[in-house]
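Student: Sharing a structure with you now.
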Amino acid sequence: MVLKATPHITQNEALVFERSQTGRKGYMLPALDVDETALDDLLPAELRRDDDLEGVPELSEVDVVRHFTRISTWNYNIDLGMYPLGSCTMKYNSRLNEKVARIPGFANLHPLAPVEDSQGALEVMFELQEHLAEITGLPGISLQPAAGAHGEMTGVMMIRAFLDARDGVTEGDKPRRNVMLIPDSAHGTNPASAHLSGFSVKTIRSTSEGLTDLEHLRELCSAGDVAGLMLTNPNTVGIFERNIREICHIIHEAGGLVYMDGANMNALVGVARPGDMGVDVIHLNLHKTFSTPHGGGGPGSGPCCCTAELDPFLPVPRVVREGDRFAFDYERPQSVGRVKAFYGNFGMHLRALAYILTHGNEGLREATEAAVLNARFIAHGLADTYEKPFGSPPMHEVLFTDKRQSRKGVHTLDIAKRLIDYGFHPMTIYFPLIVQGAMLIEPTESVGRAELQQFVDAMKEIAREALEAPDTVLNAPQTTRIGRLDEAAAARKPVLRWKPEAKTTAA
Amino acid sequence: MVLKATPHITQNEALVFERSQTGRKGYMLPALDVDETALDDLLPAELRRDDDLEGVPELSEVDVVRHFTRISTWNYNIDLGMYPLGSCTMKYNSRLNEKVARIPGFANLHPLAPVEDSQGALEVMFELQEHLAEITGLPGISLQPAAGAHGEMTGVMMIRAFLDARDGVTEGDKPRRNVMLIPDSAHGTNPASAHLSGFSVKTIRSTSEGLTDLEHLRELCSAGDVAGLMLTNPNTVGIFERNIREICHIIHEAGGLVYMDGANMNALVGVARPGDMGVDVIHLNLHKTFSTPHGGGGPGSGPCCCTAELDPFLPVPRVVREGDRFAFDYERPQSVGRVKAFYGNFGMHLRALAYILTHGNEGLREATEAAVLNARFIAHGLADTYEKPFGSPPMHEVLFTDKRQSRKGVHTLDIAKRLIDYGFHPMTIYFPLIVQGAMLIEPTESVGRAELQQFVDAMKEIAREALEAPDTVLNAPQTTRIGRLDEAAAARKPVLRWKPEAKTTAA
Amino acid sequence: MRYIPNSPEERQEMLSALGHASVDELFDSIPADIILREPLKTPAALSEVELLERFEAMAAKNTAARRPNFIGAGAYTHYAPTVIDSLLQRSEFFTAYTPYQPEISQGTLQAIFEFQTLVCQLTGMDVANASMYDGSTAMAEAVLMAERVTRRKRVLVSGAVHPEYLHVAETYVAHAGVELVRADFDEATGRTVLAEGALDKTIAAVVVQSPNFFGCVEDLKALADAVHAEGALLVVVVTEGASFGFLRSPGACGADIVVAEGQSFGVPASFGGPYVGLFATREQYARQIPGRLAGIAFDKEGRRGFVLTLATREQHIRREKATSNICTNEGLIALAATIYMTTMGRRGLQEVAAQCAQKAAYARREIAALEGFTLPHSAPTFNEFVVRAPAEAEGLLRRLASEHNVTGGLSLSRYFPGRPNDFLVCVTETNKRAEIDALVNGLREVHSS
Amino acid sequence: MRYIPNSPEERQEMLSALGHASVDELFDSIPADIILREPLKTPAALSEVELLERFEAMAAKNTAARRPNFIGAGAYTHYAPTVIDSLLQRSEFFTAYTPYQPEISQGTLQAIFEFQTLVCQLTGMDVANASMYDGSTAMAEAVLMAERVTRRKRVLVSGAVHPEYLHVAETYVAHAGVELVRADFDEATGRTVLAEGALDKTIAAVVVQSPNFFGCVEDLKALADAVHAEGALLVVVVTEGASFGFLRSPGACGADIVVAEGQSFGVPASFGGPYVGLFATREQYARQIPGRLAGIAFDKEGRRGFVLTLATREQHIRREKATSNICTNEGLIALAATIYMTTMGRRGLQEVAAQCAQKAAYARREIAALEGFTLPHSAPTFNEFVVRAPAEAEGLLRRLASEHNVTGGLSLSRYFPGRPNDFLVCVTETNKRAEIDALVNGLREVHSS
Ligand SMILES: Cc1ncc(COP(=O)(O)O)c(C=O)c1O
Ligand SMILES: Cc1ncc(COP(=O)(O)O)c(C=O)c1O
């Protein structure tokens, strides 16, 4: 087995505040070129800052560059290799897209500049909307939501608004249909978004096959209070809900609407369209399927795509074409309103459009095929070694558990940490919650055969270690500059900011 | 002692050729938009390539990005910290300068584009020339040489041409004055450049103080065949040649000219000017003093600066101002000719000009002061621990030797390797050749007090280890992904390229 | 497709090894009737050259991006030191995920911790989170948090907060059982006023922006005293982060929650996003904060590191009971802001703020001296102020753009149809005196012709 | 100065700790009479904003950079994939020094080894070095090496090598005891001819460029045979690296030393530099190569790594006896070329070359069909060719630029006063058909009006 990684000397680095030295400067401004106004004429003293920004660091430019360069080297990242976080679609973030987003005509454009002088930006948004509509099969699009959860909130609020419009708001303030059905396997943002939108959440069970339990669904629907269903498809165990048409039918029959969490669209683009399945509204994660960089936690972009029926309820403003110009349309009286100032994370729209145009229609499908194939490769490679809780062939991600290893006291967390020693970023762990010790592996299309094989080999090797030398796994990682951190202690007595007197070493 | 560095997991990576897989593609071109010509009409088969470029890698863009990102992480670099290579002036490479060099109006400009449509580029060169003239006190400038050694060659060829013009070329082909004096402490490029320019090299001894031996100099000059002297100042042991006026006088009296190797100008900018010392011609290393990035070995830029007397001998073309426009002047009959196609490493000229303008005249001096101060700090910190072969206070770099440590079998090489474990790039070692076990330390102005202190502490710790645990030092580095490499074996049976059948593991 | 490592041939081999005859078999679990039988009707692939040309052509149509600009109103033009983008573009930062595996994510985690600290320092608060989507959603989350903290259902919002922020808050609270009540606005001063009786024990919080949407600096201290007297919280919104370098911090004035837009900290205008929401509060409310938090942790050997902490507030643990539904935040933009604050530093943040205030004061003076133009509000301002024109602002600004190549400000009629002649002018350290003079002359000429 | 970490106060403290009263004492070893007493007369410091504005203003004067361009002649406009510059900008690459400490420089070393291999593959040679300054100096070094290898003192240089390369070689050999003799040039074919008797046992090497300066592909095989018959070396110069993807490699034709300009491999024109010189030769001459070489080495545990090797050829060891004086080379540009060759790869290098040849053939045809314009040379070409105009080329091209916004080629009169009507046209894959058509139409119109 070729070793994927080896420890190498890496710089340590304190906090910026600890590096700071009085008098250092990392900036220079042009000299003030207007006649100076006396301070008190600018602003009365009692409204002025009086702490001289004490504590804010003072550093030279070199300090800044070294500080952030050093700490950056402690991060794993996509450019170093496979990043198989299930549900996260960590695919290659193209440099070309970064360049596009930095074209001055976009980067320097103020969101409130006159629309006639911002036509290029509106064109970008409009074109992206068109393509997303084609990809999802859902014609109504808003690019305003800033991330997946934000898109969920928008989408379920649209369901709320649609139902209210259709059914009327009965019984004073409390609307009639108030239940949002969510599978037990769903991502935490789904119930959180539903709750934020005023729904009460009921959980649908999954079958032993890892699919939505249709019987349970029907049962829940029979109560007559169902507003809708939030479903991820392929679901969070990586399996396509093959009864999707039926599911949608049941919900529709019960008077509800179907929200699809599009986090897993990387399994479907160019192959099948949510609109064709009966879905009413979906959000996409441009920062997953369409490769806009995750940036260590964000930004994302979570466009909402919906049927023509739901279109009037999308957030304002909408980007519309009027002849050969583009405009913002605010006149949507049924709209849920605004979910964010301005028009969404435009910089991400640019990148996603660049992704779609660079791939081309055939490339989009090719990426889907390659992503699913890679997941299958892993599923196949590990089938004999790890417990696969569900039999169905996985789509773009595959779920295993630590069932076999945990008998020896080695758990998912340990396996994940040991993968670090083998040079990999671990998979998503303990999600979805419905299986114990979940390990959700999503290689994406951005990994070549050799590295997939290395991953399979590493996982097998860890399984062997779990049997033969469990301590190696339990004490992992051993090759990182810092070991497992005591997260429980951190949460018990949280230190969330630096202070001059802060205790910075262990007791 | 705060640990400066710690090992951390790092990706391994094979050669691009080993990563290559038939059929992978990392590029896309626009489709050919002209009528196709039959291959044989383009070029007869016997002139066409017939090996299908076998062996050239086939990789996706992701492969390329991962390959080069991974291998990059094995490099130490300025942005990680102090890089105290003596004689190399590894100072901060500003990002701003990189941006300047990439402005499309410069980056996309063809060197043979009409001069009237390239005025901005000529202006850059002209302005840089003016500033370098002011900084060196030498009015004649050519930006053509591509590096220090290239500047040396240019400069000594100018001396040759000047002497020939002054004295005539006597005795057939062999000119009368043919001896170039070079201190034994000089950089290897000096004798090599002198040789390339047809001079025979005579070596001047250094005094026990580390200075040019004036007596020896006078003696060598008395032969009457001296064409010139190549002197580094501050010299390569980091000491200012305080007799520089006298030295120049001796050479001039003997009918020769003085070439100054300007590699160490970081000790002098804004403080003293070679032109005021009596120097006739100098090269600057823009990639040292003026912070253009070293790029893992280059590019450099080695402008030649000379007295008005030598000006006619500078390479062609010259950049000149004619009223309010700039032009290339080729009409310099006495010129040594051309040393490079086009006009030198223009991209480096841009960066150097940006350096000069960003620092401003006061900042240039400030940098010099800070650089010398930092070297003094180290000199002082290590004075008790390492042998300092020369007593004079150092300028921008300080020389120590391994004399004390070598008694225990620990040599300069070992100390250097051990510094790696402490998170530092080693200093320049075994240069200059005149002292045994040389360690030449140049911190530059780009290092803060804390890191200087860390360096001093590390060096002291190593000295302690050399006494108490010499094996730790002898077996260093221990924290890198690869250990000391067998350079002797590599040179005995050199493998200088990959081949499909290449043996890639040790015998 | 050049981003996919495995070549078609390799993929065919892999398929065969898995026992598949064709790639279509991979999708066997999808019912045949919903399988797409035709290629998507999106365009065919473009090469890099073609793609860049297309985007450059679209960018060229954004003529506003090439003009001196005096619009602020939630997005501010400040100088961003070059190092910011150069560091952001390290793949170690921009291609990393949320730092769920701390051992190989310390770079991101330490940067978040530094961001949190800087936000606390600037706002004058105790704790700050790892970021919200932007200022507007941060304000909406603050409203929801105030309800959680106080268990009261009514929130008084100043009429001088950014209208789009208000609109967002309305959307967020629509189904949360929280009622937004508009606080009064004094046209003469340009400040928020709490009408007699507006405040009582049913009020969870009062939300004010300072400098407010009209550029006026609010008297936060007085507001805080009034609000606290009723046991409510004071939520302070800041859209112009540069003001922190000059104005008394909201924390020092008594704010309980401070939310801000961080775009001023080295983030490009980029037609409205991505930006970054700042969210800070007092220590005692730490467990009610929405979003991620990084905190210090130690390993077995006592080495200091950082982890995401207090996760039990969050959706992935608490699901519908979470403090917010936010998951992905604005990590990279928070990093940009962190690098900005660090590079400008203690002195630079103050100098930028001072230059903004000085230049705005100059512009204010010059415009006020123009015949026909007045300044309707009397309260002190920072770098933004309302001008009342002698004619419809919309038309005036349009002519200013086309005839004088200056984006002169934002017509208030966009949000306030009742104020057709008013427009909002923002001046930052990037506006040269010559630009300000061009604006002033332009106003004079456009008006007089 | 913001690039200097230690603040003035810190520096004062350090000075005091070292026992100095003032900073001037640091320079005590410099005689007082040569110490500068006044500040340099260079300008005062500029901020980033001001600096960028100044450079942008100068760049804007380079109007040629914004026009379609048909000049090649040693610098070629090819498409450079975005990844190149993005990888080059990793500080790990661009701020590293020459890899003298292999344990912490393996990234640079491995890249050099890959570069050397790629150069061998493209040129068809056995060994290549880590780079020379550029193509012109590489050619001069090849001449000197030929002398070392053969111990003969005369070198026959084709009159169809780039005139600036020739000029550089003349400078380099001026004091090396090597005589450069001009080989004949056949105007009809556009190829080099070795006149009867030109070759004999005093000739160290014959130097030809192919495609030569006039774009004509030389018959290298025939030349090699003739040259080898006299025991001399064939030195082949290539200025247009893209040609390697289409032309028989010099190695396959019998070249002994191949030197080339690598600018075509993803390196911007940048007004002439930095570029990168390629230098390759046969195995048996490896120890005569100038410049650095990376080779494989192993550590004690048998792990493969790379080191700079055969250093005894170099100036830092061998001093005046070194094979060259070169020290700093063009490392980063060699890396750019390596990334280019790797990204384009086996297929892309051939496709670029084919497109160049196709587009040039199209342009050639169209121009040849213009009344009054002829193609003076009959030999096959790659992507560059000479056009004979019915009038002075210089004036024609000037009008083409000003009236049709096209840089139509290079007037040969720049180097060959005797060829006033000839100009050299280069077409690459980046020239769209519309640009070529504009050139052709422009020529027609300018000529006929
Ligand atoms: C299945 C699923 N749904 C929703 C989300 C939430 O998306 P975001 O993080 O963009 O808010 C995620 C991503 O983490 C997810 O994996
Ligand atoms: C003292 C000295 N002289 C000359 C040189 C040669 O300069 P370059 O490497 O730019 O050719 C160097 C640099 O290595 C040097 O340190």
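Every chain in the structure tokens has a letter given in the order shown (A, B, ...), and although residue numbers restart at 1 in each chain, ligands are simply numbered from 1 in the order shown.
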Could you build a table of the residues in chain A lying no more than 9 Å from ligand 1, giving for each the nearest pair of atoms and their separation in Å rounded to one decimal place, using only C-alpha atoms and all ligand atoms, ordered by chain and ascending residue number, as a Markdown table?
Tutor:
```
| residue | atom | partner | partner_atom_place_in_ligand_line | distance |
| --- | --- | --- | --- | --- |
| A:Gly86 | CA | ligand 1 | 16 (O) | 7.6 |
| A:Ser87 | CA | ligand 1 | 16 (O) | 4.2 |
| A:Cys88 | CA | ligand 1 | 16 (O) | 5.5 |
| A:Thr89 | CA | ligand 1 | 16 (O) | 8.5 |
| A:Ala146 | CA | ligand 1 | 10 (O) | 7.7 |
| A:Ala147 | CA | ligand 1 | 10 (O) | 4.0 |
| A:Gly148 | CA | ligand 1 | 10 (O) | 3.3 |
| A:Ala149 | CA | ligand 1 | 11 (O) | 3.6 |
| A:His150 | CA | ligand 1 | 11 (O) | 6.2 |
| A:Gly151 | CA | ligand 1 | 11 (O) | 7.7 |
| A:Glu152 | CA | ligand 1 | 4 (C) | 7.8 |
| A:Ala186 | CA | ligand 1 | 1 (C) | 6.6 |
| A:His187 | CA | ligand 1 | 1 (C) | 4.9 |
| A:Gly188 | CA | ligand 1 | 4 (C) | 7.3 |
| A:Thr189 | CA | ligand 1 | 4 (C) | 5.6 |
| A:Asn190 | CA | ligand 1 | 4 (C) | 6.7 |
| A:Thr232 | CA | ligand 1 | 1 (C) | 6.4 |
| A:Asn233 | CA | ligand 1 | 1 (C) | 8.8 |
| A:Asn235 | CA | ligand 1 | 1 (C) | 7.6 |
| A:Thr236 | CA | ligand 1 | 1 (C) | 6.1 |
| A:Asp261 | CA | ligand 1 | 3 (N) | 5.8 |
| A:Gly262 | CA | ligand 1 | 3 (N) | 7.1 |
| A:Ala263 | CA | ligand 1 | 1 (C) | 4.9 |
| A:Asn264 | CA | ligand 1 | 1 (C) | 6.6 |
| A:His283 | CA | ligand 1 | 4 (C) | 8.9 |
| A:Leu284 | CA | ligand 1 | 10 (O) | 8.5 |
| A:Asn285 | CA | ligand 1 | 10 (O) | 5.8 |
| A:Leu286 | CA | ligand 1 | 10 (O) | 8.3 |
| A:His287 | CA | ligand 1 | 10 (O) | 7.2 |
| A:Lys288 | CA | ligand 1 | 10 (O) | 8.2 |
| A:Gly297 | CA | ligand 1 | 9 (O) | 8.2 |
| A:Gly298 | CA | ligand 1 | 10 (O) | 8.0 |
| A:Pro299 | CA | ligand 1 | 10 (O) | 8.4 |
| A:Gly300 | CA | ligand 1 | 10 (O) | 5.7 |
| A:Ser301 | CA | ligand 1 | 10 (O) | 6.8 |
| A:Gly302 | CA | ligand 1 | 10 (O) | 6.4 |
```
Student: Please produce, as a tab-separated table, a per-residue contact table for chain C versus chain D (criterion: any atom at most 9 Å away, only C-alpha atoms considered), showing the nearest atom pair and its distance in Å to one decimal, sorted by chain then residue number.
Tutor:
```
residue	atom	partner	partner_atom	distance
C:Glu48	CA	D:Pro81	CA	7.3
C:Val49	CA	D:Tyr79	CA	7.6
C:Tyr79	CA	D:Val49	CA	7.6
C:Pro81	CA	D:Glu48	CA	7.4
C:Thr82	CA	D:Glu48	CA	8.0
C:Ser86	CA	D:Gln89	CA	8.4
C:Gln89	CA	D:Ser86	CA	8.4
C:Arg90	CA	D:Arg90	CA	7.1
C:Thr430	CA	D:Val49	CA	8.6
```
Student: What lies within 12 Å of A:Gly23 using only C-alpha atoms, ignoring chain neighbours under 6 positions off, as a PyMOL selection string?
Tutor: (chain A and resi 56-60) or (chain C and resi 345-348) or (chain D and resi 1-2+4-12)
Student: Could you pull out the alpha helix (DSSP H) residues of stretch 194-275 of chain C, going by DSSP on the backbone, and write them as a ChimeraX atom specification?
Tutor: /C:220-229,250-253
Student: Those same residues, written as a compact mmCIF listing (two decimals), in the first residue's frame with C-alpha atoms?
Tutor:
```
# COMPACT_ATOMS: atom_id res chain seq x y z
CA LEU C 220 -27.87 54.91 21.76
CA LYS C 221 -27.14 55.58 25.37
CA ALA C 222 -30.44 57.34 25.93
CA LEU C 223 -32.27 54.60 24.06
CA ALA C 224 -30.56 51.90 26.08
CA ASP C 225 -31.59 53.50 29.34
CA ALA C 226 -35.19 53.75 28.24
CA VAL C 227 -35.26 50.22 26.91
CA HIS C 228 -33.62 48.68 29.91
CA ALA C 229 -36.01 50.46 32.20
CA PRO C 250 -22.85 50.00 20.80
CA GLY C 251 -21.62 47.88 23.68
CA ALA C 252 -20.31 50.94 25.50
CA CYS C 253 -23.71 52.56 24.95
```
Student: Could you name the residues that touch B:Thr444 at 7 Å or less, counting only C-alpha atoms, but leaving out those on the same chain fewer than 2 positions away, as a count of residues only?
Tutor: 9
Student: Near stretch 321-336 of chain A, counting only C-alpha atoms, which residues have an atom at most 6 Å away, once you skip same-chain residues fewer than 5 positions from it, shown as a list in words?
Tutor: Leu122, Pro312, Phe313, Leu314, Pro315 and Val316 of chain A
Student: Using Å and a single decimal, report how far atom CA of C:Gly231 sits from atom CA of C:Ala160.
Tutor: 22.7 Å
Student: Name all residues at most 12 Å from B:Ile247 (count only C-alpha atoms; drop same-chain ones fewer than 2 positions away) and give them as a PyMOL selection string.
Tutor: chain B and resi 181+204+211-218+221+228-231+233+241-245+249-254+256-260+277-279
Student: For N, CA and C atoms, I'd like the residues from the last selection saved as a tab-separated table (two decimals), in the first residue's frame.
Tutor:
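The result, written out as part15.tsv:
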```
chain	number	residue	atom	x	y	z
B	181	LEU	N	40.97	41.16	-10.87
B	181	LEU	CA	41.25	40.80	-9.49
B	181	LEU	C	39.93	40.50	-8.76
B	204	ILE	N	42.60	37.89	-4.79
B	204	ILE	CA	43.16	38.72	-3.71
B	204	ILE	C	42.83	38.08	-2.39
B	211	LEU	N	38.71	41.69	5.53
B	211	LEU	CA	38.66	42.76	4.52
B	211	LEU	C	39.65	42.46	3.40
B	212	THR	N	39.51	43.18	2.31
B	212	THR	CA	40.45	43.05	1.22
B	212	THR	C	41.85	43.44	1.70
B	213	ASP	N	42.81	42.62	1.35
B	213	ASP	CA	44.19	42.87	1.78
B	213	ASP	C	44.79	43.93	0.86
B	214	LEU	N	44.92	45.14	1.38
B	214	LEU	CA	45.38	46.25	0.54
B	214	LEU	C	46.79	46.03	0.01
B	215	GLU	N	47.59	45.43	0.84
B	215	GLU	CA	48.96	45.21	0.42
B	215	GLU	C	49.02	44.25	-0.75
B	216	HIS	N	48.26	43.18	-0.59
B	216	HIS	CA	48.20	42.20	-1.68
B	216	HIS	C	47.63	42.85	-2.94
B	217	LEU	N	46.63	43.68	-2.73
B	217	LEU	CA	46.01	44.38	-3.86
B	217	LEU	C	47.07	45.22	-4.58
B	218	ARG	N	47.85	45.99	-3.80
B	218	ARG	CA	48.89	46.85	-4.42
B	218	ARG	C	49.89	45.99	-5.17
B	221	CYS	N	48.49	44.80	-8.35
B	221	CYS	CA	48.33	45.91	-9.29
B	221	CYS	C	49.65	46.32	-9.93
B	228	GLY	N	40.87	45.27	-13.87
B	228	GLY	CA	39.89	45.73	-12.90
B	228	GLY	C	39.80	44.84	-11.69
B	229	LEU	N	38.86	45.22	-10.84
B	229	LEU	CA	38.62	44.51	-9.60
B	229	LEU	C	37.12	44.26	-9.51
B	230	MET	N	36.77	43.07	-9.07
B	230	MET	CA	35.36	42.79	-8.77
B	230	MET	C	35.24	42.64	-7.26
B	231	LEU	N	34.51	43.55	-6.68
B	231	LEU	CA	34.43	43.59	-5.23
B	231	LEU	C	32.98	43.61	-4.78
B	233	ASN	N	30.47	44.61	-1.74
B	233	ASN	CA	30.54	45.53	-0.61
B	233	ASN	C	29.16	45.91	-0.13
B	241	GLU	N	33.62	47.19	3.41
B	241	GLU	CA	35.04	47.42	3.08
B	241	GLU	C	35.33	48.89	3.34
B	242	ARG	N	35.80	49.12	4.55
B	242	ARG	CA	35.89	50.53	4.94
B	242	ARG	C	36.97	51.28	4.15
B	243	ASN	N	37.86	50.52	3.51
B	243	ASN	CA	38.88	51.16	2.68
B	243	ASN	C	38.45	51.31	1.23
B	244	ILE	N	37.18	51.27	1.03
B	244	ILE	CA	36.69	51.22	-0.34
B	244	ILE	C	37.22	52.36	-1.21
B	245	ARG	N	37.29	53.56	-0.66
B	245	ARG	CA	37.81	54.68	-1.47
B	245	ARG	C	39.26	54.42	-1.86
B	249	HIS	N	40.86	53.80	-5.47
B	249	HIS	CA	41.97	54.65	-5.87
B	249	HIS	C	43.13	53.81	-6.41
B	250	ILE	N	43.47	52.77	-5.69
B	250	ILE	CA	44.57	51.89	-6.13
B	250	ILE	C	44.30	51.33	-7.52
B	251	ILE	N	43.09	50.82	-7.70
B	251	ILE	CA	42.74	50.24	-8.99
B	251	ILE	C	42.79	51.30	-10.09
B	252	HIS	N	42.20	52.41	-9.80
B	252	HIS	CA	42.18	53.48	-10.82
B	252	HIS	C	43.59	53.93	-11.17
B	253	GLU	N	44.39	54.05	-10.13
B	253	GLU	CA	45.78	54.45	-10.36
B	253	GLU	C	46.49	53.44	-11.25
B	254	ALA	N	46.15	52.19	-11.05
B	254	ALA	CA	46.79	51.13	-11.82
B	254	ALA	C	46.17	51.00	-13.20
B	256	GLY	N	42.99	50.42	-13.92
B	256	GLY	CA	41.84	49.50	-14.02
B	256	GLY	C	40.56	50.16	-13.57
B	257	LEU	N	39.50	49.40	-13.64
B	257	LEU	CA	38.20	49.89	-13.21
B	257	LEU	C	37.66	48.99	-12.09
B	258	VAL	N	36.73	49.54	-11.34
B	258	VAL	CA	36.18	48.79	-10.21
B	258	VAL	C	34.75	48.35	-10.50
B	259	TYR	N	34.57	47.05	-10.45
B	259	TYR	CA	33.25	46.47	-10.58
B	259	TYR	C	32.76	46.13	-9.18
B	260	MET	N	31.58	46.56	-8.84
B	260	MET	CA	31.04	46.15	-7.55
B	260	MET	C	29.91	45.18	-7.76
B	277	MET	N	31.57	56.03	-3.78
B	277	MET	CA	32.73	55.31	-3.22
B	277	MET	C	33.86	55.19	-4.23
B	278	GLY	N	33.54	55.47	-5.49
B	278	GLY	CA	34.55	55.33	-6.52
B	278	GLY	C	34.33	54.13	-7.42
B	279	VAL	N	33.22	53.47	-7.22
B	279	VAL	CA	32.89	52.30	-8.05
B	279	VAL	C	32.54	52.76	-9.46
```
